[in-house]
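> Provided below: coords.cif, containing mmCIF, C-alpha atoms.
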data_entry
loop_
_atom_site.label_atom_id
_atom_site.label_comp_id
_atom_site.auth_asym_id
_atom_site.auth_seq_id
_atom_site.Cartn_x
_atom_site.Cartn_y
_atom_site.Cartn_z
CA MET A 1 21.15 118.51 101.43
CA ASN A 2 18.43 116.51 103.22
CA LYS A 3 15.10 118.32 103.24
CA ARG A 4 13.07 115.42 104.58
CA VAL A 5 10.28 116.24 107.07
CA TRP A 6 8.70 113.54 109.19
CA ILE A 7 6.30 112.86 112.09
CA PHE A 8 7.27 110.72 115.06
CA LYS A 9 6.70 109.93 118.72
CA VAL A 10 9.38 109.57 121.38
CA ARG A 11 9.57 105.95 122.53
CA LYS A 12 10.25 106.97 126.12
CA ASP A 13 7.05 109.05 126.19
CA VAL A 14 4.99 106.20 124.72
CA LEU A 15 6.24 103.79 127.39
CA ALA A 16 5.69 106.29 130.21
CA ARG A 17 2.32 107.80 129.17
CA GLY A 18 0.85 105.37 126.69
CA ASP A 19 0.35 105.80 122.99
CA ASP A 20 -2.76 107.99 123.35
CA GLN A 21 -1.08 110.47 125.74
CA ALA A 22 2.31 110.65 124.06
CA SER A 23 2.96 113.83 122.07
CA TRP A 24 3.36 113.92 118.30
CA TYR A 25 6.56 115.53 117.05
CA VAL A 26 7.66 116.96 113.71
CA GLY A 27 11.30 116.49 112.74
CA TRP A 28 13.16 118.17 109.89
CA TYR A 29 16.50 119.39 108.57
CA ASP A 30 16.79 123.13 107.83
CA LEU A 31 18.49 124.69 104.81
CA GLN A 32 21.87 124.55 106.59
CA GLY A 33 21.48 120.86 107.37
CA ARG A 34 20.78 121.31 111.08
CA ARG A 35 18.23 118.97 112.63
CA HIS A 36 15.17 120.32 114.46
CA SER A 37 12.11 118.94 116.20
CA GLU A 38 8.87 120.46 117.47
CA SER A 39 6.14 119.09 119.73
CA CYS A 40 2.56 119.37 118.47
CA GLY A 41 0.60 117.75 121.32
CA ALA A 42 -1.05 114.39 121.94
CA GLY A 43 -4.08 112.66 120.45
CA SER A 44 -5.86 113.40 117.19
CA ALA A 45 -5.50 117.15 117.68
CA GLY A 46 -1.75 116.79 117.98
CA LYS A 47 -1.66 114.57 114.90
CA ASN A 48 -3.65 117.11 112.83
CA LYS A 49 -1.35 119.95 114.01
CA ALA A 50 1.70 117.89 113.11
CA ASP A 51 0.32 117.14 109.62
CA LYS A 52 -0.27 120.86 108.97
CA ARG A 53 3.17 121.72 110.26
CA VAL A 54 4.74 119.13 107.95
CA ARG A 55 3.05 120.58 104.87
CA ARG A 56 4.14 124.11 105.76
CA LEU A 57 7.71 123.09 106.53
CA GLN A 58 8.02 121.10 103.34
CA SER A 59 6.76 124.06 101.31
CA GLU A 60 9.22 126.48 102.99
CA LEU A 61 12.14 124.10 102.45
CA ASP A 62 11.23 123.48 98.82
CA MET A 63 11.10 127.24 98.12
CA GLY A 64 14.26 127.91 100.12
CA VAL A 65 12.61 130.43 102.47
CA HIS A 66 12.57 128.44 105.67
CA LEU A 67 13.82 130.20 108.81
CA PRO A 68 14.19 127.94 111.85
CA ARG A 69 12.74 129.16 115.11
CA SER A 70 15.32 130.45 117.54
CA LYS A 71 15.45 128.96 121.03
CA VAL A 72 17.59 131.76 122.45
CA LEU A 73 16.32 132.89 125.84
CA TRP A 74 15.63 136.56 126.43
CA THR A 75 17.96 136.62 129.43
CA ASP A 76 20.80 135.13 127.34
CA PHE A 77 20.23 137.66 124.58
CA VAL A 78 20.22 140.58 127.03
CA ALA A 79 23.46 139.33 128.58
CA GLN A 80 25.10 139.11 125.15
CA PHE A 81 23.72 142.52 124.17
CA GLU A 82 25.19 144.07 127.32
CA THR A 83 28.59 142.47 126.72
CA GLU A 84 28.94 143.17 123.01
CA VAL A 85 27.00 146.44 122.59
CA LEU A 86 26.30 148.26 125.84
CA SER A 87 29.81 147.87 127.22
CA GLY A 88 31.03 150.48 124.73
CA LEU A 89 28.47 153.13 125.70
CA GLU A 90 28.40 155.82 128.35
CA PRO A 91 27.42 154.58 131.84
CA THR A 92 24.22 156.65 131.85
CA THR A 93 23.23 155.37 128.40
CA ARG A 94 24.03 151.81 129.42
CA LEU A 95 21.83 152.12 132.52
CA ALA A 96 19.00 153.57 130.43
CA TYR A 97 19.15 150.58 128.05
CA GLN A 98 19.17 148.12 130.94
CA SER A 99 16.20 149.83 132.57
CA SER A 100 14.16 149.80 129.33
CA LEU A 101 14.91 146.13 128.63
CA GLU A 102 14.06 145.15 132.21
CA THR A 103 10.79 147.08 131.99
CA PHE A 104 9.93 145.33 128.72
CA ALA A 105 10.54 141.90 130.28
CA ARG A 106 8.52 142.81 133.38
CA HIS A 107 5.46 143.91 131.40
CA THR A 108 5.50 141.18 128.75
CA GLY A 109 6.90 138.18 130.61
CA VAL A 110 8.98 137.35 127.53
CA ASN A 111 10.91 134.09 127.82
CA ARG A 112 12.42 133.58 124.36
CA VAL A 113 13.39 136.13 121.73
CA GLU A 114 11.71 134.44 118.77
CA PRO A 115 8.02 134.97 119.77
CA ILE A 116 8.39 138.76 120.08
CA ASP A 117 6.00 140.38 117.62
CA THR A 118 4.05 143.58 117.07
CA ARG A 119 1.18 142.39 119.27
CA MET A 120 3.55 141.93 122.22
CA ILE A 121 5.04 145.39 121.72
CA ASP A 122 1.58 146.99 121.51
CA ALA A 123 0.65 145.25 124.77
CA PHE A 124 3.83 146.60 126.35
CA ILE A 125 2.95 150.15 125.28
CA ALA A 126 -0.53 149.87 126.82
CA ARG A 127 0.80 148.57 130.14
CA ARG A 128 3.75 150.95 130.27
CA ARG A 129 1.45 153.96 129.94
CA ARG A 130 -0.12 153.09 133.30
CA ASP A 131 3.18 152.98 135.23
CA PRO A 132 3.62 155.72 137.85
CA GLY A 133 5.85 158.62 136.89
CA ARG A 134 8.54 160.36 138.87
CA LYS A 135 6.25 163.10 140.10
CA PRO A 136 3.65 162.14 142.74
CA GLY A 137 0.28 161.42 141.19
CA SER A 138 1.61 161.24 137.62
CA THR A 139 2.03 158.47 135.08
CA VAL A 140 4.96 157.80 132.78
CA SER A 141 5.40 160.64 130.32
CA PRO A 142 5.18 160.08 126.55
CA ALA A 143 8.85 161.08 126.32
CA THR A 144 9.86 158.28 128.72
CA LEU A 145 7.76 155.74 126.81
CA ALA A 146 9.26 156.93 123.51
CA LYS A 147 12.77 156.51 124.96
CA ASP A 148 11.95 152.95 126.06
CA LEU A 149 10.66 152.09 122.60
CA ARG A 150 13.76 153.52 120.90
CA MET A 151 16.03 151.37 123.04
CA ILE A 152 13.89 148.24 122.69
CA LYS A 153 13.83 148.75 118.92
CA ALA A 154 17.63 149.08 118.83
CA ALA A 155 18.03 145.86 120.82
CA LEU A 156 15.56 143.93 118.64
CA THR A 157 17.31 145.18 115.50
CA ARG A 158 20.48 143.59 116.82
CA ALA A 159 18.53 140.38 117.57
CA VAL A 160 17.45 140.27 113.91
CA ASP A 161 21.05 140.81 112.79
CA TRP A 162 22.21 137.94 115.01
CA GLY A 163 19.52 135.60 113.66
CA TYR A 164 17.61 135.32 116.95
CA LEU A 165 14.50 137.03 115.58
CA PRO A 166 13.19 136.15 112.10
CA THR A 167 11.74 139.57 111.26
CA MET A 168 11.68 142.97 112.89
CA PRO A 169 8.29 143.66 114.50
CA LYS A 170 6.67 147.03 113.96
CA VAL A 171 7.34 149.45 116.80
CA ARG A 172 4.68 152.14 116.67
CA SER A 173 5.72 155.67 117.53
CA VAL A 174 4.20 157.41 120.53
CA ARG A 175 2.70 160.81 119.95
CA GLN A 176 4.28 163.40 122.20
CA PRO A 177 2.73 166.80 122.98
CA GLU A 178 4.54 169.57 121.17
CA LYS A 179 5.43 172.12 123.83
CA ILE A 180 7.55 175.22 123.61
CA PRO A 181 10.88 174.16 125.13
CA ARG A 182 11.95 175.97 128.28
CA PHE A 183 15.03 178.13 127.93
CA VAL A 184 16.70 180.85 129.99
CA THR A 185 15.37 184.25 128.96
CA GLU A 186 17.62 187.30 128.79
CA ALA A 187 15.77 188.93 131.71
CA ASP A 188 16.08 185.86 133.91
CA PHE A 189 19.74 185.51 133.01
CA GLY A 190 20.27 188.96 134.48
CA VAL A 191 18.64 187.85 137.74
CA LEU A 192 20.71 184.66 137.82
CA TYR A 193 23.94 186.50 137.11
CA THR A 194 23.54 189.39 139.55
CA THR A 195 21.41 187.99 142.37
CA ALA A 196 21.48 184.17 142.35
CA CYS A 197 25.24 183.81 141.91
CA ALA A 198 25.88 186.27 144.73
CA LEU A 199 23.91 183.99 147.08
CA ALA A 200 26.05 180.90 146.33
CA LYS A 201 27.97 179.29 149.21
CA GLN A 202 29.63 176.49 147.24
CA PRO A 203 32.23 175.70 145.98
CA SER A 204 34.24 176.82 149.00
CA LEU A 205 37.57 175.00 149.14
CA PRO A 206 40.13 176.41 151.60
CA ASP A 207 42.70 177.23 148.91
CA GLN A 208 40.49 178.29 146.00
CA PRO A 209 41.57 181.68 144.53
CA TYR A 210 38.04 182.84 143.70
CA ALA A 211 34.69 183.36 145.41
CA ALA A 212 31.75 181.02 144.93
CA ALA A 213 29.94 183.79 143.05
CA ASP A 214 32.81 184.01 140.53
CA TRP A 215 32.60 180.26 139.87
CA TRP A 216 28.85 180.33 139.26
CA GLN A 217 29.03 183.40 137.05
CA ALA A 218 31.74 181.77 134.94
CA LEU A 219 29.65 178.58 134.67
CA ILE A 220 26.39 180.20 133.55
CA VAL A 221 28.10 182.70 131.22
CA THR A 222 30.01 179.89 129.49
CA ALA A 223 26.87 177.74 129.31
CA PHE A 224 24.72 180.61 127.99
CA MET A 225 27.23 181.76 125.37
CA THR A 226 28.63 178.42 124.11
CA GLY A 227 25.75 175.92 124.34
CA LEU A 228 28.01 173.34 126.00
CA ARG A 229 26.35 170.62 128.04
CA ILE A 230 26.91 170.58 131.80
CA LYS A 231 29.12 167.48 131.62
CA GLU A 232 31.36 169.17 129.05
CA LEU A 233 31.63 172.27 131.22
CA LEU A 234 32.56 170.38 134.38
CA GLN A 235 35.20 168.32 132.55
CA LEU A 236 36.69 171.28 130.67
CA ARG A 237 40.50 171.21 130.90
CA ARG A 238 42.81 174.21 131.02
CA GLU A 239 44.89 172.73 128.20
CA ASP A 240 41.81 172.78 125.96
CA LEU A 241 41.29 176.50 126.52
CA ASP A 242 43.13 179.00 124.33
CA LEU A 243 42.14 182.25 126.00
CA GLU A 244 44.36 184.32 123.72
CA ALA A 245 42.89 182.95 120.50
CA GLY A 246 39.40 182.67 122.01
CA THR A 247 38.81 178.98 121.33
CA ILE A 248 37.68 176.00 123.36
CA ILE A 249 38.00 172.27 122.63
CA THR A 250 35.46 169.74 123.82
CA ARG A 251 36.88 166.22 123.92
CA ALA A 252 35.25 163.06 122.60
CA GLU A 253 35.38 161.34 126.00
CA ASP A 254 33.47 164.24 127.56
CA ASN A 255 30.75 164.96 125.01
CA LYS A 256 27.68 163.14 123.75
CA GLY A 257 28.76 163.02 120.11
CA LYS A 258 32.01 161.16 120.91
CA ARG A 259 34.13 163.44 118.74
CA ASP A 260 36.54 166.30 119.38
CA ALA A 261 35.31 169.76 118.39
CA GLN A 262 36.88 173.22 118.51
CA LEU A 263 34.51 176.13 119.15
CA PRO A 264 34.95 179.91 119.23
CA ILE A 265 34.24 181.68 122.51
CA HIS A 266 33.30 185.30 123.15
CA PRO A 267 35.74 187.63 124.93
CA ILE A 268 33.25 187.91 127.79
CA VAL A 269 33.53 184.16 128.36
CA VAL A 270 37.31 184.49 128.35
CA GLU A 271 37.11 187.28 130.91
CA HIS A 272 35.03 185.16 133.32
CA LEU A 273 37.17 182.04 132.94
CA LYS A 274 40.32 184.01 133.70
CA LYS A 275 38.90 184.84 137.13
CA LEU A 276 39.07 181.16 138.11
CA GLY A 277 42.85 180.99 138.07
CA GLY A 278 45.02 178.27 136.58
CA ALA A 279 43.34 175.10 137.85
CA ASP A 280 43.57 172.05 135.59
CA LYS A 281 39.76 171.95 135.40
CA PRO A 282 38.53 175.50 136.06
CA LEU A 283 34.82 174.56 136.22
CA HIS A 284 35.28 171.32 138.15
CA TRP A 285 32.73 170.79 140.96
CA PRO A 286 34.67 169.48 143.99
CA ARG A 287 31.73 167.97 145.86
CA HIS A 288 29.20 165.19 145.15
CA PRO A 289 27.42 165.76 141.80
CA ARG A 290 23.99 165.89 143.44
CA SER A 291 25.06 168.83 145.56
CA LEU A 292 25.62 170.85 142.36
CA TRP A 293 21.95 170.60 141.41
CA ALA A 294 20.90 171.20 145.02
CA GLU A 295 22.93 174.42 145.23
CA TRP A 296 21.72 175.52 141.80
CA GLY A 297 18.08 175.13 142.83
CA ARG A 298 18.64 176.83 146.18
CA ILE A 299 20.19 180.01 144.79
CA GLN A 300 17.50 180.31 142.12
CA ARG A 301 14.69 180.08 144.64
CA ALA A 302 16.49 182.56 146.92
CA ALA A 303 16.78 184.97 143.97
CA GLY A 304 13.03 184.81 143.30
CA ILE A 305 13.05 182.53 140.24
CA HIS A 306 9.69 180.74 140.05
CA LEU A 307 8.79 179.33 136.63
CA HIS A 308 5.37 178.15 135.53
CA CYS A 309 4.96 174.37 135.12
CA SER A 310 2.05 173.30 132.92
CA ALA A 311 2.48 169.55 133.46
CA ASP A 312 -0.42 167.69 135.06
CA HIS A 313 1.22 166.33 138.21
CA GLN A 314 1.94 167.22 141.80
CA HIS A 315 4.60 169.89 141.50
CA THR A 316 7.95 169.81 143.27
CA PRO A 317 10.47 172.66 143.76
CA ALA A 318 12.42 171.40 140.72
CA CYS A 319 9.43 172.21 138.48
CA HIS A 320 9.86 175.94 139.01
CA VAL A 321 13.57 176.52 138.44
CA TYR A 322 15.88 176.27 135.43
CA GLY A 323 17.96 173.23 134.61
CA PHE A 324 21.44 173.42 133.13
CA HIS A 325 20.20 172.20 129.75
CA ASP A 326 17.98 175.29 129.56
CA PHE A 327 21.15 177.31 128.90
CA ARG A 328 21.87 175.13 125.86
CA ARG A 329 18.35 175.72 124.55
CA ALA A 330 18.80 179.42 125.19
CA PHE A 331 21.99 179.47 123.14
CA ALA A 332 20.16 177.97 120.16
CA THR A 333 17.03 180.06 120.60
CA HIS A 334 18.69 183.46 121.01
CA ASN A 335 21.23 182.92 118.23
CA ALA A 336 18.94 181.28 115.67
CA PRO A 337 17.81 184.59 114.07
CA ASN A 338 21.42 185.72 113.60
CA LEU A 339 23.06 182.47 112.41
CA ASN A 340 22.37 180.32 109.40
CA PRO A 341 21.12 176.82 110.30
CA GLU A 342 24.31 175.08 109.14
CA THR A 343 26.47 177.22 111.44
CA LEU A 344 24.13 176.66 114.37
CA GLN A 345 24.22 172.92 113.75
CA ARG A 346 28.02 172.94 113.92
CA LEU A 347 28.04 175.02 117.08
CA MET A 348 25.48 172.72 118.70
CA ARG A 349 27.43 169.69 117.39
CA HIS A 350 24.37 167.77 116.23
CA ARG A 351 24.76 164.92 113.76
CA SER A 352 21.23 165.45 112.45
CA PHE A 353 19.91 168.78 111.23
CA THR A 354 16.48 167.73 112.47
CA THR A 355 17.82 167.72 116.02
CA THR A 356 19.10 171.25 115.60
CA MET A 357 15.70 172.42 114.35
CA GLY A 358 14.12 171.01 117.49
CA TYR A 359 16.13 173.46 119.59
CA ILE A 360 15.35 176.51 117.48
CA ASN A 361 12.54 178.71 118.67
CA LEU A 362 10.93 180.13 115.54
CA SER A 363 8.80 182.73 117.27
CA SER A 364 10.93 185.70 116.15
CA GLN A 365 10.89 184.57 112.52
CA MET A 366 7.14 183.85 112.69
CA ASN A 367 6.38 187.27 114.15
CA GLN A 368 8.10 188.92 111.20
CA ALA A 369 5.65 187.17 108.87
CA SER A 370 2.61 188.84 110.50
CA ASP A 371 3.23 192.05 108.53
CA SER A 372 2.59 190.13 105.30
CA PHE A 373 -0.72 188.56 106.37
CA LEU A 374 -3.76 189.35 104.22
CA VAL A 375 -6.11 191.85 105.86
CA PRO A 376 -9.68 192.16 104.45
CA GLU A 377 -10.52 195.52 102.87
CA ILE A 378 -13.20 196.37 105.43
CA LEU A 379 -10.76 195.84 108.29
CA ARG A 380 -8.11 197.95 106.58
CA SER A 381 -10.66 200.78 106.23
CA GLN A 382 -11.61 200.54 109.90
CA SER A 383 -7.97 200.48 110.93
CA ALA A 384 -7.17 203.53 108.81
CA ALA A 385 -10.14 205.45 110.22
CA ALA A 386 -9.10 204.67 113.77
CA LYS A 387 -5.59 206.05 113.31
CA PRO A 388 -5.12 209.74 114.18
CA LYS A 389 -4.25 211.96 111.25
CA PRO A 390 -0.70 213.29 111.26
CA ASN A 391 -0.31 216.81 112.69
CA ALA A 392 -3.98 216.88 113.53
CA GLY A 393 -4.91 219.04 116.50
CA THR A 394 -7.78 218.84 118.98
CA PRO A 395 -11.32 219.85 117.89
CA GLN A 396 -11.04 223.06 119.89
CA LYS A 397 -7.83 224.02 118.11
CA GLU A 398 -9.38 223.22 114.76
CA ALA A 399 -12.32 225.47 115.58
CA LYS A 400 -10.00 228.32 116.53
CA LYS A 401 -8.17 227.98 113.24
CA LYS A 402 -11.46 228.55 111.34
CA ARG A 403 -12.29 231.81 113.16
CA PRO A 404 -11.51 235.03 111.18
#
Since I need it in another form, could you write the structure as structure tokens?

Amino acid sequence: MNKRVWIFKVRKDVLARGDDQASWYVGWYDLQGRRHSESCGAGSAGKNKADKRVRRLQSELDMGVHLPRSKVLWTDFVAQFETEVLSGLEPTTRLAYQSSLETFARHTGVNRVEPIDTRMIDAFIARRRRDPGRKPGSTVSPATLAKDLRMIKAALTRAVDWGYLPTMPKVRSVRQPEKIPRFVTEADFGVLYTTACALAKQPSLPDQPYAAADWWQALIVTAFMTGLRIKELLQLRREDLDLEAGTIITRAEDNKGKRDAQLPIHPIVVEHLKKLGGADKPLHWPRHPRSLWAEWGRIQRAAGIHLHCSADHQHTPACHVYGFHDFRRAFATHNAPNLNPETLQRLMRHRSFTTTMGYINLSSQMNQASDSFLVPEILRSQSAAAKPKPNAGTPQKEAKKKRP
């Protein structure tokens, strides 16, 4: 194997620019025997740079640790990544990856894959933070930035595997504020079930055997008592429902985990689904998907649902109503005290137990611990003195008891 490293000038450059203006080049063969060259600039500065590069290259080749610089363009890598990786993902996930990679290129101006390093990623984070958010007057949320970084990291990991990037740069995590997740409370569910659903006008097909209120009640009851995602609910097939046995099957092509799963359902869920007749997809929404969210927001506002939004931005009507995913959080939150974590993980169909814990509201368990907190002696004495004595009467009654 030829490990020779040399310095040279291109004859055509010397004839066109002159010897003083022609660039110095370093040529070498890598460990696989492929030939490379690299320009170091003209004049004495270019010559000094070439000499240093020769010494470093020769040392790397002698030790067998040399990694040639990749000349793969960022646009070519993204095209290959979309063809070989993103094509097998869900359309929404594919669009999210494309958006994150486009945003990274826009903020960094990256041309080739090989120069990407930690400094470039840190610069991207700083610039991305200043982008406007979806809400008027807001900036990009930490959750959006964290999502971009996860997808950029996944793409760069593949670039390392393909040999386009010598080492994986450090992608620093973004600190996100820990907020109590919003979920549908039992009281609000009662308002949604009795009042909001009764105000629904859609779906209203000419031949449907049920009222719009029946459809919405079946949807929110199934969501609240199974934890299924809205996509799974809308794609639910009659053949996957066993109303006699009380089971439901969510299919791999319809769920996020890409695996079939059979779940138990409560008799109340069965009762509501039976009202929808024998359609192939009982919870199918027959109109444009956006109209589902529009109708859902309308009936909530008409029923008096107005939630508090603590985010620092100009609020919109969507800030003050429940989303469909809030039913999934409610399922985990309300059932966490009564189910062991392993069972809840299976019902939520999470691959990672950490994800399941993120959905569990621990307030009920934490409140139970307050009875065991240490109370100083002086406070216990004050608390005991403040409590009325059992069977103690009023001062007047006590005085009467003492009279002969």
> Assuming the chain letters and numbering stay as they are in my file, what does the PyMOL selection byres ((chain A and resi 111) around 8) actually select? List them as an mmCIF file with C-alpha atoms, in the frame of the given file.

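Saved as expr.cif:
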data_model
loop_
_atom_site.group_PDB
_atom_site.id
_atom_site.type_symbol
_atom_site.label_atom_id
_atom_site.label_comp_id
_atom_site.auth_asym_id
_atom_site.auth_seq_id
_atom_site.Cartn_x
_atom_site.Cartn_y
_atom_site.Cartn_z
ATOM 1 C CA LEU A 73 16.320 132.890 125.840
ATOM 2 C CA TRP A 74 15.630 136.560 126.430
ATOM 3 C CA THR A 75 17.960 136.620 129.430
ATOM 4 C CA GLY A 109 6.900 138.180 130.610
ATOM 5 C CA VAL A 110 8.980 137.350 127.530
ATOM 6 C CA ARG A 112 12.420 133.580 124.360
ATOM 7 C CA VAL A 113 13.390 136.130 121.730
#
> List, as a VMD selection string, every residue that the PyMOL selection byres ((chain A and resi 91-94) around 12) selects in the file provided.
chain A and resid 81 to 90 95 to 101 147 to 148 151 231 253 256
> Would you write out those residues with C-alpha atoms, as a CSV table (one decimal), keeping the file's coordinate frame?

chain,number,residue,atom,x,y,z
A,81,PHE,CA,23.7,142.5,124.2
A,82,GLU,CA,25.2,144.1,127.3
A,83,THR,CA,28.6,142.5,126.7
A,84,GLU,CA,28.9,143.2,123.0
A,85,VAL,CA,27.0,146.4,122.6
A,86,LEU,CA,26.3,148.3,125.8
A,87,SER,CA,29.8,147.9,127.2
A,88,GLY,CA,31.0,150.5,124.7
A,89,LEU,CA,28.5,153.1,125.7
A,90,GLU,CA,28.4,155.8,128.4
A,95,LEU,CA,21.8,152.1,132.5
A,96,ALA,CA,19.0,153.6,130.4
A,97,TYR,CA,19.2,150.6,128.0
A,98,GLN,CA,19.2,148.1,130.9
A,99,SER,CA,16.2,149.8,132.6
A,100,SER,CA,14.2,149.8,129.3
A,101,LEU,CA,14.9,146.1,128.6
A,147,LYS,CA,12.8,156.5,125.0
A,148,ASP,CA,12.0,153.0,126.1
A,151,MET,CA,16.0,151.4,123.0
A,231,LYS,CA,29.1,167.5,131.6
A,253,GLU,CA,35.4,161.3,126.0
A,256,LYS,CA,27.7,163.1,123.8
> My list of candidates is A:Asp30, A:Asp19, A:Asp188, A:Glu114. Which is closest to A:Met63 when distances are computed with only C-alpha atoms?
A:Asp30
> Can you list what the PyMOL selection byres ((chain A and resi 241) around 12) grabs from this structure, as an MDAnalysis selection string?
chainID A and resid 233 235:240 242:251 262:265 269:270 273:274 278:283
> Which residues are near stretch 206-222 of chain A? Cut-off 9 Å, all atoms listed in the file, ignore same chain within fewer than 6 positions. Put them as a ChimeraX atom specification.
/A:189,192-194,196-200,228,230,233-234,265-266,268-277,282-283,296,324,327
> Between A:Val78, A:Leu344, A:Arg349, A:Arg134, which residue has the minimum interatomic distance to A:Ala105, considering only C-alpha atoms?
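Closest to A:Ala105, using only C-alpha atoms: A:Val78.
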> Quick one: residues within 12 Å of stretch 330-335 of chain A, only C-alpha atoms, excluding same-chain residues fewer than 4 positions away - as a CSV table (one decimal) with C-alpha atoms, in the frame of the given file?

chain,number,residue,atom,x,y,z
A,180,ILE,CA,7.6,175.2,123.6
A,181,PRO,CA,10.9,174.2,125.1
A,182,ARG,CA,12.0,176.0,128.3
A,183,PHE,CA,15.0,178.1,127.9
A,184,VAL,CA,16.7,180.8,130.0
A,185,THR,CA,15.4,184.2,129.0
A,186,GLU,CA,17.6,187.3,128.8
A,187,ALA,CA,15.8,188.9,131.7
A,188,ASP,CA,16.1,185.9,133.9
A,189,PHE,CA,19.7,185.5,133.0
A,220,ILE,CA,26.4,180.2,133.6
A,221,VAL,CA,28.1,182.7,131.2
A,222,THR,CA,30.0,179.9,129.5
A,223,ALA,CA,26.9,177.7,129.3
A,224,PHE,CA,24.7,180.6,128.0
A,225,MET,CA,27.2,181.8,125.4
A,226,THR,CA,28.6,178.4,124.1
A,227,GLY,CA,25.8,175.9,124.3
A,228,LEU,CA,28.0,173.3,126.0
A,229,ARG,CA,26.4,170.6,128.0
A,322,TYR,CA,15.9,176.3,135.4
A,323,GLY,CA,18.0,173.2,134.6
A,324,PHE,CA,21.4,173.4,133.1
A,325,HIS,CA,20.2,172.2,129.8
A,326,ASP,CA,18.0,175.3,129.6
A,339,LEU,CA,23.1,182.5,112.4
A,340,ASN,CA,22.4,180.3,109.4
A,341,PRO,CA,21.1,176.8,110.3
A,343,THR,CA,26.5,177.2,111.4
A,344,LEU,CA,24.1,176.7,114.4
A,345,GLN,CA,24.2,172.9,113.8
A,346,ARG,CA,28.0,172.9,113.9
A,347,LEU,CA,28.0,175.0,117.1
A,348,MET,CA,25.5,172.7,118.7
A,349,ARG,CA,27.4,169.7,117.4
A,350,HIS,CA,24.4,167.8,116.2
A,355,THR,CA,17.8,167.7,116.0
A,356,THR,CA,19.1,171.2,115.6
A,357,MET,CA,15.7,172.4,114.4
A,358,GLY,CA,14.1,171.0,117.5
A,359,TYR,CA,16.1,173.5,119.6
A,360,ILE,CA,15.4,176.5,117.5
A,361,ASN,CA,12.5,178.7,118.7
A,362,LEU,CA,10.9,180.1,115.5
A,363,SER,CA,8.8,182.7,117.3
A,364,SER,CA,10.9,185.7,116.2
A,365,GLN,CA,10.9,184.6,112.5
> Could you write stretch 39-67 of chain A of the block just shown to a file containing C-alpha atoms, as a PDB file, in the first residue's frame?

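Saved the output as part_22.pdb:
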ATOM      1  CA  SER A  39      -5.240  23.024  -1.828  1.00  0.00           C
ATOM      2  CA  CYS A  40      -3.302  25.006   0.772  1.00  0.00           C
ATOM      3  CA  GLY A  41      -3.044  28.437  -0.888  1.00  0.00           C
ATOM      4  CA  ALA A  42      -0.372  30.378  -2.757  1.00  0.00           C
ATOM      5  CA  GLY A  43       2.911  31.953  -1.712  1.00  0.00           C
ATOM      6  CA  SER A  44       4.988  31.258   1.379  1.00  0.00           C
ATOM      7  CA  ALA A  45       1.901  30.984   3.571  1.00  0.00           C
ATOM      8  CA  GLY A  46       0.504  28.271   1.330  1.00  0.00           C
ATOM      9  CA  LYS A  47       3.851  26.476   1.344  1.00  0.00           C
ATOM     10  CA  ASN A  48       4.034  26.535   5.172  1.00  0.00           C
ATOM     11  CA  LYS A  49       0.436  25.241   5.416  1.00  0.00           C
ATOM     12  CA  ALA A  50       1.225  22.470   2.952  1.00  0.00           C
ATOM     13  CA  ASP A  51       4.337  21.440   4.928  1.00  0.00           C
ATOM     14  CA  LYS A  52       2.307  21.196   8.159  1.00  0.00           C
ATOM     15  CA  ARG A  53      -0.401  19.241   6.407  1.00  0.00           C
ATOM     16  CA  VAL A  54       2.172  16.800   5.029  1.00  0.00           C
ATOM     17  CA  ARG A  55       3.604  16.090   8.485  1.00  0.00           C
ATOM     18  CA  ARG A  56       0.149  15.499   9.956  1.00  0.00           C
ATOM     19  CA  LEU A  57      -0.978  13.280   7.097  1.00  0.00           C
ATOM     20  CA  GLN A  58       2.182  11.218   7.217  1.00  0.00           C
ATOM     21  CA  SER A  59       1.763  10.703  10.964  1.00  0.00           C
ATOM     22  CA  GLU A  60      -1.902   9.635  10.579  1.00  0.00           C
ATOM     23  CA  LEU A  61      -1.036   7.210   7.778  1.00  0.00           C
ATOM     24  CA  ASP A  62       1.882   5.713   9.678  1.00  0.00           C
ATOM     25  CA  MET A  63      -0.325   5.085  12.735  1.00  0.00           C
ATOM     26  CA  GLY A  64      -3.211   3.803  10.618  1.00  0.00           C
ATOM     27  CA  VAL A  65      -5.730   6.338  11.962  1.00  0.00           C
ATOM     28  CA  HIS A  66      -6.170   8.526   8.911  1.00  0.00           C
ATOM     29  CA  LEU A  67      -9.748   9.355   7.895  1.00  0.00           C
TER      30      LEU A  67
END
